[in-house]
>>> print(open('work01.txt').read())   # compact mmCIF, C-alpha atoms
# COMPACT_ATOMS: atom_id res chain seq x y z
CA MET M 7 7.45 2.93 19.58
CA THR M 8 9.48 6.03 20.34
CA ASN M 9 9.29 8.19 23.45
CA SER M 10 10.53 11.29 21.66
CA ASN M 11 8.47 14.37 22.48
CA ASN M 12 7.93 15.24 18.81
CA GLN M 13 6.58 11.84 17.72
CA LYS M 14 3.46 9.73 18.27
CA PRO M 15 2.79 6.05 17.68
CA VAL M 16 1.57 5.68 14.09
CA VAL M 17 -1.43 3.49 13.27
CA LEU M 18 -1.97 2.53 9.63
CA VAL M 19 -5.67 2.62 8.72
CA ILE M 20 -6.99 0.96 5.56
CA ALA M 21 -10.71 1.62 5.21
CA GLY M 22 -13.48 3.36 3.27
CA HIS M 23 -14.59 6.98 3.39
CA ASP M 24 -17.98 8.08 4.72
CA PRO M 25 -18.82 11.70 3.74
CA SER M 26 -20.98 12.13 6.86
CA GLY M 27 -17.95 11.49 9.08
CA GLY M 28 -19.87 9.04 11.24
CA ALA M 29 -18.07 5.91 10.08
CA GLY M 30 -15.07 5.02 7.94
CA ILE M 31 -11.76 6.84 7.76
CA GLN M 32 -12.89 9.93 9.66
CA ALA M 33 -14.19 7.81 12.53
CA ASP M 34 -10.88 5.96 12.58
CA ILE M 35 -8.83 9.17 12.64
CA GLU M 36 -10.89 10.62 15.49
CA SER M 37 -10.77 7.44 17.57
CA ILE M 38 -7.02 7.03 17.09
CA SER M 39 -6.18 10.71 17.54
CA SER M 40 -8.15 11.02 20.78
CA ALA M 41 -6.05 8.15 22.16
CA GLY M 42 -2.86 10.12 21.49
CA CYS M 43 -1.73 8.31 18.33
CA HIS M 44 -1.34 9.40 14.70
CA ALA M 45 -3.48 7.82 11.95
CA ALA M 46 -1.86 7.26 8.54
CA THR M 47 -4.81 6.53 6.25
CA VAL M 48 -5.23 4.72 2.95
CA ILE M 49 -8.77 4.83 1.55
CA THR M 50 -10.10 1.65 -0.04
CA SER M 51 -13.31 3.06 -1.44
CA LEU M 52 -15.28 6.27 -1.62
CA THR M 53 -18.95 5.98 -0.73
CA THR M 54 -22.05 7.99 -1.50
CA GLN M 55 -23.90 8.06 1.82
CA ASN M 56 -25.29 10.10 4.69
CA THR M 57 -26.75 9.22 8.09
CA ASN M 58 -29.85 7.75 6.41
CA LYS M 59 -28.66 5.72 3.43
CA VAL M 60 -25.84 4.46 1.20
CA LEU M 61 -26.22 4.81 -2.56
CA ASP M 62 -22.87 3.75 -4.01
CA VAL M 63 -19.39 2.36 -3.31
CA MET M 64 -16.49 3.34 -5.58
CA PRO M 65 -13.30 1.31 -4.98
CA GLN M 66 -9.81 2.64 -5.74
CA ASN M 67 -7.73 1.30 -8.60
CA PRO M 68 -5.48 -1.45 -7.21
CA GLU M 69 -2.05 -0.14 -8.27
CA PRO M 70 -2.32 3.40 -6.87
CA PHE M 71 -3.80 1.79 -3.75
CA ARG M 72 -0.81 -0.56 -3.51
CA ASN M 73 1.63 2.32 -3.90
CA GLN M 74 -0.09 4.32 -1.17
CA ILE M 75 0.33 1.46 1.31
CA ARG M 76 3.92 0.84 0.25
CA LEU M 77 4.99 4.46 0.60
CA ILE M 78 3.56 4.70 4.11
CA LEU M 79 5.24 1.44 5.16
CA GLU M 80 8.56 2.64 3.70
CA ASP M 81 8.39 6.02 5.41
CA MET M 82 6.79 5.55 8.83
CA ASP M 83 7.35 3.32 11.83
CA ILE M 84 3.94 1.66 11.89
CA VAL M 85 3.18 0.04 15.25
CA ALA M 86 -0.41 -1.15 14.61
CA CYS M 87 -2.92 -1.40 11.78
CA LYS M 88 -6.70 -1.25 11.50
CA ILE M 89 -8.47 -2.61 8.41
CA GLY M 90 -12.10 -1.71 7.80
CA MET M 91 -14.39 -1.77 4.78
CA ILE M 92 -12.55 -2.98 1.66
CA GLY M 93 -15.23 -3.15 -1.03
CA ASP M 94 -13.32 -4.95 -3.78
CA ILE M 95 -11.53 -8.31 -3.93
CA LYS M 96 -8.62 -6.82 -5.91
CA LEU M 97 -7.95 -4.39 -3.08
CA LEU M 98 -8.17 -7.21 -0.54
CA LYS M 99 -5.47 -9.10 -2.45
CA VAL M 100 -3.25 -6.00 -2.42
CA ILE M 101 -3.69 -5.64 1.35
CA VAL M 102 -2.69 -9.27 1.89
CA ASP M 103 0.36 -8.89 -0.35
CA GLU M 104 1.58 -5.70 1.30
CA LEU M 105 0.99 -6.73 4.92
CA ALA M 106 2.14 -10.35 4.66
CA GLU M 107 5.67 -9.64 5.92
CA THR M 108 4.80 -7.06 8.58
CA ASN M 109 5.01 -7.79 12.30
CA PHE M 110 2.71 -5.20 13.91
CA PRO M 111 -0.71 -6.11 15.35
CA ILE M 112 -3.59 -5.95 12.87
CA VAL M 113 -7.18 -5.25 13.91
CA LEU M 114 -9.69 -6.37 11.29
CA ASP M 115 -13.20 -4.92 11.32
CA PRO M 116 -15.01 -6.97 8.66
CA VAL M 117 -17.54 -4.40 7.48
CA MET M 118 -20.07 -6.48 5.54
CA SER M 119 -22.83 -3.91 5.13
CA ALA M 120 -23.90 -0.47 6.25
CA THR M 121 -26.28 -0.21 9.18
CA THR M 122 -28.61 1.45 6.66
CA GLY M 123 -28.65 -1.79 4.65
CA MET M 124 -26.29 -1.67 1.65
CA LYS M 125 -23.86 -4.59 1.26
CA PHE M 126 -20.13 -3.82 1.07
CA SER M 127 -18.89 -7.41 0.65
CA ASP M 128 -19.83 -10.26 -1.68
CA ASP M 129 -19.18 -13.99 -1.27
CA ASP M 130 -15.79 -13.83 -3.01
CA ILE M 131 -14.56 -11.07 -0.71
CA CYS M 132 -15.76 -13.01 2.33
CA LYS M 133 -13.95 -16.19 1.25
CA LYS M 134 -10.72 -14.32 0.51
CA LEU M 135 -10.97 -12.46 3.82
CA LEU M 136 -11.28 -15.75 5.69
CA THR M 137 -8.53 -17.63 3.90
CA SER M 138 -5.96 -14.88 3.28
CA LEU M 139 -6.53 -11.93 5.60
CA LEU M 140 -7.61 -13.65 8.82
CA PRO M 141 -4.25 -15.44 9.21
CA LEU M 142 -2.59 -12.00 9.38
CA ALA M 143 -5.03 -10.55 11.92
CA THR M 144 -4.32 -10.24 15.62
CA ILE M 145 -8.03 -9.76 16.30
CA ILE M 146 -11.21 -9.60 14.21
CA THR M 147 -14.12 -7.52 15.55
CA PRO M 148 -17.36 -8.58 13.82
CA ASN M 149 -20.78 -7.73 15.14
CA SER M 150 -23.06 -10.70 15.70
CA ASN M 151 -24.59 -10.45 12.22
CA GLU M 152 -21.18 -10.33 10.54
CA ALA M 153 -19.89 -13.28 12.56
CA ARG M 154 -22.88 -15.36 11.48
CA LEU M 155 -22.59 -14.30 7.85
CA LEU M 156 -18.88 -15.11 7.69
CA THR M 157 -19.15 -18.53 9.31
CA LYS M 158 -22.73 -19.67 8.52
CA LYS M 159 -23.08 -20.49 12.23
CA ASN M 160 -25.85 -19.09 14.40
CA ASP M 161 -24.10 -19.92 17.67
CA LEU M 162 -21.56 -17.16 18.28
CA SER M 163 -19.13 -19.31 20.24
CA ALA M 164 -19.01 -21.76 17.33
CA ALA M 165 -18.59 -18.85 14.93
CA ALA M 166 -15.63 -17.56 16.94
CA ASP M 167 -14.00 -21.00 16.88
CA ILE M 168 -14.31 -21.13 13.10
CA LEU M 169 -12.79 -17.66 12.72
CA MET M 170 -9.85 -18.63 14.91
CA ASP M 171 -9.43 -21.84 12.91
CA TYR M 172 -8.71 -19.64 9.90
CA GLY M 173 -5.74 -18.18 11.77
CA THR M 174 -6.67 -15.06 13.70
CA GLU M 175 -5.44 -15.01 17.29
CA SER M 176 -8.64 -13.64 18.81
CA VAL M 177 -12.23 -12.64 18.08
CA LEU M 178 -14.34 -9.90 19.67
CA ILE M 179 -18.01 -10.33 18.75
CA THR M 180 -20.20 -7.34 19.53
CA ASP M 181 -23.89 -7.56 20.31
CA THR M 182 -25.18 -4.13 19.31
CA HIS M 183 -27.40 -5.52 16.55
CA ASP M 184 -29.40 -7.91 18.75
CA ASP M 185 -32.65 -6.89 20.47
CA THR M 186 -31.73 -7.36 24.13
CA HIS M 187 -31.82 -5.22 27.28
CA GLU M 188 -28.03 -5.35 27.60
CA VAL M 189 -25.27 -5.32 25.01
CA ILE M 190 -23.15 -8.40 25.71
CA ASN M 191 -19.86 -8.47 23.84
CA ALA M 192 -17.56 -11.50 24.02
CA LEU M 193 -13.81 -11.89 23.54
CA TYR M 194 -12.59 -15.29 22.39
CA THR M 195 -8.94 -16.31 22.31
CA LYS M 196 -7.24 -19.55 21.37
CA HIS M 197 -5.85 -20.44 24.78
CA ASP M 198 -8.17 -18.82 27.37
CA SER M 199 -11.83 -18.94 28.32
CA SER M 200 -14.08 -16.37 26.69
CA ILE M 201 -14.70 -13.08 28.48
CA GLU M 202 -18.11 -11.36 28.46
CA TYR M 203 -18.57 -7.61 28.74
CA HIS M 204 -21.97 -6.20 29.72
CA TRP M 205 -23.04 -2.70 28.67
CA GLU M 206 -26.28 -0.79 29.02
CA ARG M 207 -28.08 -0.70 25.69
CA LEU M 208 -28.51 2.93 24.69
CA PRO M 209 -31.84 4.08 23.18
CA ASP M 210 -30.56 5.46 19.86
CA THR M 211 -29.06 3.75 16.81
CA PHE M 212 -25.54 4.76 15.86
CA HIS M 213 -23.45 5.18 12.74
CA GLY M 214 -19.79 4.24 13.17
CA SER M 215 -19.63 2.39 16.48
CA GLY M 216 -17.70 -0.55 15.00
CA CYS M 217 -15.13 1.74 13.40
CA THR M 218 -14.72 3.60 16.68
CA LEU M 219 -14.17 0.38 18.62
CA SER M 220 -11.75 -1.33 16.24
CA SER M 221 -9.64 1.78 15.73
CA ARG M 222 -9.44 2.38 19.46
CA ILE M 223 -8.22 -1.20 19.98
CA ALA M 224 -5.51 -0.58 17.37
CA ALA M 225 -4.49 2.68 19.06
CA LEU M 226 -4.31 1.08 22.50
CA LEU M 227 -2.20 -1.76 21.11
CA ALA M 228 0.06 0.86 19.49
CA LEU M 229 0.47 2.46 22.91
CA GLY M 230 1.82 -0.80 24.31
CA ASN M 231 -1.25 -2.26 26.04
CA ASP M 232 -1.87 -5.99 25.87
CA LEU M 233 -4.85 -7.33 23.94
CA LYS M 234 -7.27 -7.86 26.84
CA ILE M 235 -6.63 -4.40 28.30
CA SER M 236 -6.98 -2.85 24.85
CA VAL M 237 -10.29 -4.62 24.20
CA GLY M 238 -11.73 -3.64 27.59
CA LYS M 239 -10.65 0.00 27.44
CA ALA M 240 -11.77 0.37 23.82
CA GLN M 241 -15.27 -0.83 24.67
CA GLU M 242 -15.56 1.63 27.53
CA TYR M 243 -14.40 4.47 25.27
CA THR M 244 -16.82 3.47 22.53
CA TRP M 245 -19.79 3.15 24.91
CA LEU M 246 -19.11 6.60 26.36
CA SER M 247 -18.74 8.11 22.89
CA LEU M 248 -22.18 6.67 22.07
CA LYS M 249 -23.68 7.86 25.35
CA HIS M 250 -22.51 11.37 24.43
CA GLY M 251 -23.51 10.82 20.78
CA LEU M 252 -24.36 13.63 18.37
CA LYS M 253 -27.42 14.08 16.17
CA LEU M 254 -25.82 15.84 13.21
CA GLY M 255 -28.09 14.52 10.46
CA HIS M 256 -31.66 13.31 10.10
CA GLY M 257 -30.76 9.62 10.47
CA GLN M 258 -28.56 7.71 12.90
CA ALA M 259 -26.65 9.43 15.68
CA GLN M 260 -22.87 9.60 15.49
CA PRO M 261 -20.37 8.76 18.23
CA ASN M 262 -18.87 11.78 19.95
CA ARG M 263 -15.28 10.58 19.87
CA PHE M 264 -14.00 13.73 21.59
CA TYR M 265 -16.54 13.62 24.44
CA GLU M 266 -13.67 13.92 26.95
>>> encode(input="work01.txt", output="structure tokens")
Amino acid sequence: MTNSNNQKPVVLVIAGHDPSGGAGIQADIESISSAGCHAATVITSLTTQNTNKVLDVMPQNPEPFRNQIRLILEDMDIVACKIGMIGDIKLLKVIVDELAETNFPIVLDPVMSATTGMKFSDDDICKKLLTSLLPLATIITPNSNEARLLTKKNDLSAAADILMDYGTESVLITDTHDDTHEVINALYTKHDSSIEYHWERLPDTFHGSGCTLSSRIAALLALGNDLKISVGKAQEYTWLSLKHGLKLGHGQAQPNRFYE
């Protein structure tokens, strides 16, 4: 990372596009930019959606997608990466190929479905994600539903152990989808005890909280913070962006990522 006044740490983002701006690439750009970093973005899939529903997912062709990643890696000093919704197993294979020899931290947000219900990942994508992409990831940030779907385990501690067995260094499981008074997130690492984070559960439902969180972790890692500090600070930022959330459509609220 350079200290030059005319440069910022660059975070590579590989994720889908949400036209409403609540989730996906736009959420990633806002979360990363508000931390003081630059987001270099490669879109996996276009989606047809708003704050109420998702109608369609349209993945990129693999070879132009590969070239987009390659050109960014050739040109920019990438210091962290966030991977979000992929949407197609061919694109997942490209990501694994192109990132296999990199040495920057990778934050993987395994977007399995939209909060409005539509699935973004099938069984083949899930298996390939576990066996090929998880070994490259510094941290994976599933919500409780995604952790259970990926591992077939209801107990979240057991699910985290399985995810780490596939090769990721750490797992942050978020609790926003459970019906409890508090949101209790948990960070699991290979060599330390788990850490719980308690947050007041806000009354609304939100579109893009996972994207906001995972991108902020990547940005904080890019700024030189260690993993635990990045995870803690990113949760605080995400919770405050939800507390100051915006009702821009007729469905879910959106995080206000520039609340500051």
>>> residues_around(input="work01.txt", residues="stretch 89-95 of chain M", least_positions_apart="4", cutoff="7 Å", atoms="only C-alpha atoms", output="number ranges by chain")
M: 19-22, 50-51, 65, 99, 113-117, 126-127, 131
>>> atom_distance(input="work01.txt", atom1="atom CA of M:Ser26", atom2="atom CA of M:Gln258")
10.7 Å
>>> closest_atom_pairs(input="work01.txt", of="stretch 58-157 of chain M", to="stretch 231-237 of chain M", cutoff="12 Å", atoms="all atoms listed in the file", output="tab-separated table")
residue	atom	partner	partner_atom	distance
M:Val85	CA	M:Asn231	CA	11.9
M:Ala86	CA	M:Asn231	CA	11.5
M:Pro111	CA	M:Leu233	CA	9.6
M:Ile112	CA	M:Leu233	CA	11.2
M:Val113	CA	M:Leu233	CA	10.5
M:Thr144	CA	M:Leu233	CA	8.8
M:Ile145	CA	M:Leu233	CA	8.6
M:Ile146	CA	M:Val237	CA	11.2
M:Thr147	CA	M:Val237	CA	9.9
>>> atom_distance(input="work01.txt", atom1="atom CA of M:Val102", atom2="atom CA of M:Leu139")
6.0 Å
>>> atom_distance(input="work01.txt", atom1="atom CA of M:Lys59", atom2="atom CA of M:Val189")
24.5 Å
>>> residues_around(input="work01.txt", residues="M:Leu136", least_positions_apart="4", cutoff="9 Å", atoms="all atoms listed in the file", output="list in words")
Ile131, Cys132, Leu140, Pro141, Leu156, Leu169, Tyr172 and Gly173 of chain M
>>> residues_around(input="work01.txt", residues="M:Glu206", least_positions_apart="5", cutoff="9 Å", atoms="all atoms listed in the file", output="PDB file with C-alpha atoms, in the frame of the given file")
ATOM      1  CA  HIS M 187     -31.820  -5.220  27.280  1.00  0.00           C
ATOM      2  CA  GLU M 188     -28.030  -5.350  27.600  1.00  0.00           C
ATOM      3  CA  VAL M 189     -25.270  -5.320  25.010  1.00  0.00           C
ATOM      4  CA  ILE M 190     -23.150  -8.400  25.710  1.00  0.00           C
ATOM      5  CA  TRP M 245     -19.790   3.150  24.910  1.00  0.00           C
TER       6      TRP M 245
END
>>> closest_residue(input="work01.txt", among="M:Leu135, M:Leu105, M:Ile223, M:Ala33", to="M:Pro261", atoms="only C-alpha atoms")
M:Ala33
>>> residues_around(input="work01.txt", residues="M:Gly27", least_positions_apart="3", cutoff="12 Å", atoms="only C-alpha atoms", output="PyMOL selection string")
chain M and resi 22-24+30-37+53-57+213-215+217-218+252+254-255+258-263
>>> residues_around(input="work01.txt", residues="stretch 196-204 of chain M", least_positions_apart="4", cutoff="9 Å", atoms="all atoms listed in the file", output="JSON list (two decimals) with C-alpha atoms, keeping the file's coordinate frame")
[["chain", "number", "residue", "atom", "x", "y", "z"],
["M", 163, "SER", "CA", -19.13, -19.31, 20.24],
["M", 167, "ASP", "CA", -14.00, -21.00, 16.88],
["M", 170, "MET", "CA", -9.85, -18.63, 14.91],
["M", 174, "THR", "CA", -6.67, -15.06, 13.70],
["M", 175, "GLU", "CA", -5.44, -15.01, 17.29],
["M", 176, "SER", "CA", -8.64, -13.64, 18.81],
["M", 188, "GLU", "CA", -28.03, -5.35, 27.60],
["M", 189, "VAL", "CA", -25.27, -5.32, 25.01],
["M", 190, "ILE", "CA", -23.15, -8.40, 25.71],
["M", 191, "ASN", "CA", -19.86, -8.47, 23.84],
["M", 192, "ALA", "CA", -17.56, -11.50, 24.02],
["M", 238, "GLY", "CA", -11.73, -3.64, 27.59],
["M", 241, "GLN", "CA", -15.27, -0.83, 24.67]]
>>> decode(input="work01.txt", residues="stretch 95-220 of chain M", atoms="C-alpha atoms", output="short mmCIF file (atom, residue, chain, number, x, y, z; two decimals), in the first residue's frame")
data_model
loop_
_atom_site.label_atom_id
_atom_site.label_comp_id
_atom_site.auth_asym_id
_atom_site.auth_seq_id
_atom_site.Cartn_x
_atom_site.Cartn_y
_atom_site.Cartn_z
CA ILE M 95 -20.15 -22.06 -12.11
CA LYS M 96 -18.09 -21.09 -15.19
CA LEU M 97 -17.46 -17.67 -13.68
CA LEU M 98 -16.53 -19.27 -10.36
CA LYS M 99 -13.89 -21.37 -12.13
CA VAL M 100 -12.48 -18.24 -13.78
CA ILE M 101 -12.24 -16.49 -10.40
CA VAL M 102 -10.36 -19.44 -8.91
CA ASP M 103 -7.97 -19.56 -11.87
CA GLU M 104 -7.21 -15.85 -11.84
CA LEU M 105 -6.83 -15.44 -8.07
CA ALA M 106 -4.96 -18.68 -7.34
CA GLU M 107 -1.51 -17.05 -7.40
CA THR M 108 -2.41 -13.78 -5.68
CA ASN M 109 -1.32 -12.95 -2.13
CA PHE M 110 -3.78 -10.27 -0.98
CA PRO M 111 -6.56 -10.99 1.54
CA ILE M 112 -9.83 -12.21 0.02
CA VAL M 113 -13.21 -11.65 1.68
CA LEU M 114 -15.86 -14.05 0.38
CA ASP M 115 -19.53 -13.20 0.84
CA PRO M 116 -21.32 -16.36 -0.35
CA VAL M 117 -24.55 -14.82 -1.63
CA MET M 118 -26.86 -17.83 -1.97
CA SER M 119 -30.16 -16.02 -2.50
CA ALA M 120 -31.74 -12.60 -2.41
CA THR M 121 -33.50 -11.53 0.76
CA THR M 122 -36.59 -11.33 -1.45
CA GLY M 123 -36.29 -15.08 -2.12
CA MET M 124 -34.65 -15.83 -5.48
CA LYS M 125 -31.74 -18.31 -5.46
CA PHE M 126 -28.39 -17.18 -6.90
CA SER M 127 -26.48 -20.44 -6.35
CA ASP M 128 -27.19 -24.07 -7.20
CA ASP M 129 -25.63 -27.22 -5.69
CA ASP M 130 -22.78 -27.30 -8.22
CA ILE M 131 -21.78 -23.71 -7.45
CA CYS M 132 -21.90 -24.44 -3.72
CA LYS M 133 -19.66 -27.51 -4.06
CA LYS M 134 -17.15 -25.66 -6.24
CA LEU M 135 -17.16 -22.71 -3.86
CA LEU M 136 -16.34 -24.99 -0.94
CA THR M 137 -13.64 -27.04 -2.63
CA SER M 138 -11.93 -24.44 -4.83
CA LEU M 139 -12.70 -20.92 -3.62
CA LEU M 140 -12.71 -21.36 0.16
CA PRO M 141 -9.02 -22.37 0.24
CA LEU M 142 -8.18 -18.96 -1.26
CA ALA M 143 -10.34 -16.96 1.16
CA THR M 144 -9.01 -15.13 4.19
CA ILE M 145 -12.52 -14.93 5.62
CA ILE M 146 -16.00 -16.04 4.54
CA THR M 147 -19.00 -14.02 5.79
CA PRO M 148 -22.18 -16.11 5.48
CA ASN M 149 -25.38 -15.27 7.28
CA SER M 150 -26.77 -18.06 9.43
CA ASN M 151 -28.97 -19.41 6.63
CA GLU M 152 -26.07 -19.50 4.16
CA ALA M 153 -23.78 -21.21 6.67
CA ARG M 154 -26.36 -23.94 7.22
CA LEU M 155 -27.04 -24.36 3.51
CA LEU M 156 -23.34 -24.66 2.66
CA THR M 157 -22.51 -27.17 5.38
CA LYS M 158 -25.82 -29.00 6.03
CA LYS M 159 -25.24 -28.33 9.74
CA ASN M 160 -27.78 -26.57 11.94
CA ASP M 161 -25.28 -25.80 14.70
CA LEU M 162 -23.37 -22.71 13.61
CA SER M 163 -20.18 -23.56 15.46
CA ALA M 164 -20.07 -26.92 13.68
CA ALA M 165 -20.81 -25.16 10.39
CA ALA M 166 -17.88 -22.80 10.96
CA ASP M 167 -15.56 -25.73 11.67
CA ILE M 168 -16.56 -27.38 8.41
CA LEU M 169 -15.98 -24.16 6.44
CA MET M 170 -12.52 -23.78 7.97
CA ASP M 171 -11.78 -27.44 7.18
CA TYR M 172 -12.18 -26.52 3.51
CA GLY M 173 -9.32 -24.06 3.89
CA THR M 174 -10.53 -20.59 4.78
CA GLU M 175 -8.67 -18.96 7.66
CA SER M 176 -11.74 -17.55 9.40
CA VAL M 177 -15.54 -17.41 9.35
CA LEU M 178 -17.86 -14.59 10.39
CA ILE M 179 -21.44 -15.84 10.69
CA THR M 180 -24.06 -13.11 10.93
CA ASP M 181 -27.38 -13.50 12.69
CA THR M 182 -29.58 -10.95 10.94
CA HIS M 183 -31.93 -13.61 9.54
CA ASP M 184 -32.85 -15.18 12.88
CA ASP M 185 -35.86 -14.01 14.94
CA THR M 186 -34.15 -12.88 18.15
CA HIS M 187 -34.12 -9.71 20.25
CA GLU M 188 -30.40 -9.18 19.57
CA VAL M 189 -28.29 -9.79 16.50
CA ILE M 190 -25.43 -12.03 17.64
CA ASN M 191 -22.63 -12.39 15.10
CA ALA M 192 -19.72 -14.76 15.71
CA LEU M 193 -16.15 -14.80 14.42
CA TYR M 194 -14.43 -18.17 14.24
CA THR M 195 -10.73 -18.64 13.56
CA LYS M 196 -8.56 -21.72 13.39
CA HIS M 197 -6.37 -21.00 16.40
CA ASP M 198 -8.44 -18.82 18.77
CA SER M 199 -11.72 -19.05 20.64
CA SER M 200 -14.77 -17.66 18.88
CA ILE M 201 -15.76 -14.05 19.50
CA GLU M 202 -19.41 -12.96 19.79
CA TYR M 203 -20.64 -9.50 18.85
CA HIS M 204 -24.02 -8.29 20.15
CA TRP M 205 -26.03 -5.68 18.27
CA GLU M 206 -29.49 -4.24 18.79
CA ARG M 207 -31.88 -5.71 16.24
CA LEU M 208 -33.31 -2.86 14.19
CA PRO M 209 -37.05 -2.87 13.32
CA ASP M 210 -36.79 -2.75 9.52
CA THR M 211 -35.56 -5.30 6.98
CA PHE M 212 -32.62 -4.28 4.83
CA HIS M 213 -31.33 -4.85 1.32
CA GLY M 214 -27.54 -5.04 1.06
CA SER M 215 -26.32 -5.39 4.64
CA GLY M 216 -24.10 -8.38 3.82
CA CYS M 217 -22.48 -6.58 0.89
CA THR M 218 -21.87 -3.55 3.08
CA LEU M 219 -20.24 -5.63 5.80
CA SER M 220 -18.00 -7.80 3.62
#
